[in-house]
Amino acid sequence: MRFEGTAAYVAEKDLMIAVNAAIALERPLLVKGEPGTGKTELARQIAAALGLELIEWNVKSTTKAQQGLYEYDAVSRLRDSQLGDARFNDIANYIKPGKLWDAFTAEQKVVLLIDEIDKADIEFPNDLLQELDRNEFFVYETGETIRAAHRPIVVITSNNEKELPDAFLRRCFFHYIRFPDVDTLAKIVEVHYPGIKQNLVRAALTQFYEIRDVPGLKKKPSTSEALDWIRLLVADDIAPEDLRTDPKHMLPKLHGALLKNEQDVHLFERLAFMARRQG
């Protein structure tokens, strides 16, 4: 079972090596990188390439590790007991399986995506150590053990918003997705927009990387934002020669797709003002 990339996802060689190493070691693959570099999409493409079901667990700031195992609805059970509902006699009726439960009890091997694990509380990764290591957990309310019939391929993504515990890191195979160079990004653009005019792509990517290199930029535009911007350039029929080659002279056309906060917009406005004064 090897991942060789897909027609819809441009995977560099070192990324494919990391995926296959994690599969061989049966360890979770921890993927870090800038937002918009394809970390979440990687799990979807692994599932598609290997013909496996994908189970996604999207982590939020309020998410607890226990929710990935199961949740016990004690309030509903109390209400049903007061109403004399026959469901009350079977506690299993009040157990809601989580994403790990679904992955462990699947009839075939699946890909389990734990997306943006760094959003949760710092204890969240540690609370999953044993379950991910042993591929099993105990349900206290029913006294049963949920054990994985087929060890899932686990992909964990992080945007590096906070440090992950060392004990958790030791149990993962790690890969950092570097921001793509211009040639790789051109391939990604071609995958998303087949047949796009190459002279427009070259002009757009030249300006895109110039924007990313502007000193003082608070949020550099990502791969996904580059794709959105190029899509708008095509939709508005912008000619390559209409794109300014020096982003310091003015805000880039359709800049709302690239600059996502007022500080960066003001930065370009100040650079344009200074350029006019000097010019």
# chains A, B, ... in the order shown; residues from 1 in each chain; ligands from 1

call {"tool": "residues_around", "arguments": {"residues": "A:Asp228", "least_positions_apart": "3", "cutoff": "12 Å", "atoms": "only C-alpha atoms", "output": "mmCIF file with C-alpha atoms, in the first residue's frame"}}
result
data_model
loop_
_atom_site.group_PDB
_atom_site.id
_atom_site.type_symbol
_atom_site.label_atom_id
_atom_site.label_comp_id
_atom_site.auth_asym_id
_atom_site.auth_seq_id
_atom_site.Cartn_x
_atom_site.Cartn_y
_atom_site.Cartn_z
ATOM 1 C CA GLY A 36 -3.163 26.821 2.470
ATOM 2 C CA VAL A 189 -2.190 25.970 -11.099
ATOM 3 C CA HIS A 192 -6.674 23.280 -11.025
ATOM 4 C CA TYR A 193 -7.051 25.222 -14.285
ATOM 5 C CA ALA A 204 0.851 36.300 -12.092
ATOM 6 C CA PHE A 208 2.714 36.749 -6.429
ATOM 7 C CA PRO A 221 -0.611 34.944 0.731
ATOM 8 C CA SER A 222 -0.862 31.166 0.535
ATOM 9 C CA THR A 223 -1.166 28.629 -2.260
ATOM 10 C CA SER A 224 -4.961 28.561 -2.024
ATOM 11 C CA GLU A 225 -5.065 32.359 -2.196
ATOM 12 C CA ARG A 231 -9.008 32.420 -11.092
ATOM 13 C CA LEU A 232 -10.204 36.022 -10.726
ATOM 14 C CA LEU A 233 -7.592 37.264 -13.189
ATOM 15 C CA VAL A 234 -8.903 34.790 -15.758
ATOM 16 C CA ALA A 235 -12.545 35.625 -14.996
ATOM 17 C CA LEU A 254 -7.973 42.244 -7.152
ATOM 18 C CA HIS A 255 -5.811 42.435 -4.031
ATOM 19 C CA GLY A 256 -8.647 41.259 -1.788
ATOM 20 C CA ALA A 257 -7.830 37.690 -2.828
ATOM 21 C CA LEU A 258 -4.242 38.054 -1.596
ATOM 22 C CA LEU A 259 -4.145 40.609 1.225
#

call {"tool": "select_by_dssp", "arguments": {"residues": "stretch 146-241 of chain A", "states": "helix (DSSP H, G or I)", "output": "PyMOL selection string"}}
result
chain A and resi 166-169+182-192+198-212+223-235+240-241

call {"tool": "select_by_dssp", "arguments": {"residues": "stretch 133-251 of chain A", "states": "strand (DSSP E)", "output": "PyMOL selection string"}}
result
chain A and resi 136-139+144-147+153-158+173-177

call {"tool": "residues_around", "arguments": {"residues": "stretch 160-163 of chain A", "least_positions_apart": "2", "cutoff": "8 Å", "atoms": "only C-alpha atoms", "output": "ChimeraX atom specification"}}
result
/A:32-33,118-119,122,158,165

call {"tool": "residues_around", "arguments": {"residues": "A:Arg77", "least_positions_apart": "3", "cutoff": "8 Å", "atoms": "only C-alpha atoms", "output": "ChimeraX atom specification"}}
result
/A:73-74,80-81,88,91,94

call {"tool": "write_last_selection", "arguments": {"atoms": "N, CA and C atoms", "output": "PDB file, in the first residue's frame"}}
result
ATOM      1  N   ASP A  73     -24.556  10.732  26.833  1.00  0.00           N
ATOM      2  CA  ASP A  73     -25.602  11.730  27.036  1.00  0.00           C
ATOM      3  C   ASP A  73     -26.394  11.405  28.293  1.00  0.00           C
ATOM      4  N   ALA A  74     -25.845  11.787  29.440  1.00  0.00           N
ATOM      5  CA  ALA A  74     -26.485  11.499  30.721  1.00  0.00           C
ATOM      6  C   ALA A  74     -27.770  12.287  30.891  1.00  0.00           C
ATOM      7  N   ASP A  80     -35.324  10.503  29.996  1.00  0.00           N
ATOM      8  CA  ASP A  80     -36.093   9.324  29.602  1.00  0.00           C
ATOM      9  C   ASP A  80     -36.520   8.500  30.810  1.00  0.00           C
ATOM     10  N   SER A  81     -35.663   8.469  31.839  1.00  0.00           N
ATOM     11  CA  SER A  81     -36.034   7.721  33.056  1.00  0.00           C
ATOM     12  C   SER A  81     -37.230   8.373  33.737  1.00  0.00           C
ATOM     13  N   PHE A  88     -34.332   3.811  28.401  1.00  0.00           N
ATOM     14  CA  PHE A  88     -33.524   4.048  29.589  1.00  0.00           C
ATOM     15  C   PHE A  88     -32.818   2.782  30.069  1.00  0.00           C
ATOM     16  N   ILE A  91     -28.094   1.400  28.413  1.00  0.00           N
ATOM     17  CA  ILE A  91     -27.233   2.590  28.443  1.00  0.00           C
ATOM     18  C   ILE A  91     -26.556   2.850  27.098  1.00  0.00           C
ATOM     19  N   TYR A  94     -27.414   5.753  24.782  1.00  0.00           N
ATOM     20  CA  TYR A  94     -27.001   7.117  25.108  1.00  0.00           C
ATOM     21  C   TYR A  94     -25.499   7.331  24.862  1.00  0.00           C
TER      22      TYR A  94
END

call {"tool": "residues_around", "arguments": {"residues": "A:Gln45", "least_positions_apart": "2", "cutoff": "9 Å", "atoms": "only C-alpha atoms", "output": "VMD selection string"}}
result
chain A and resid 5 to 6 8 to 9 41 to 43 47 to 50
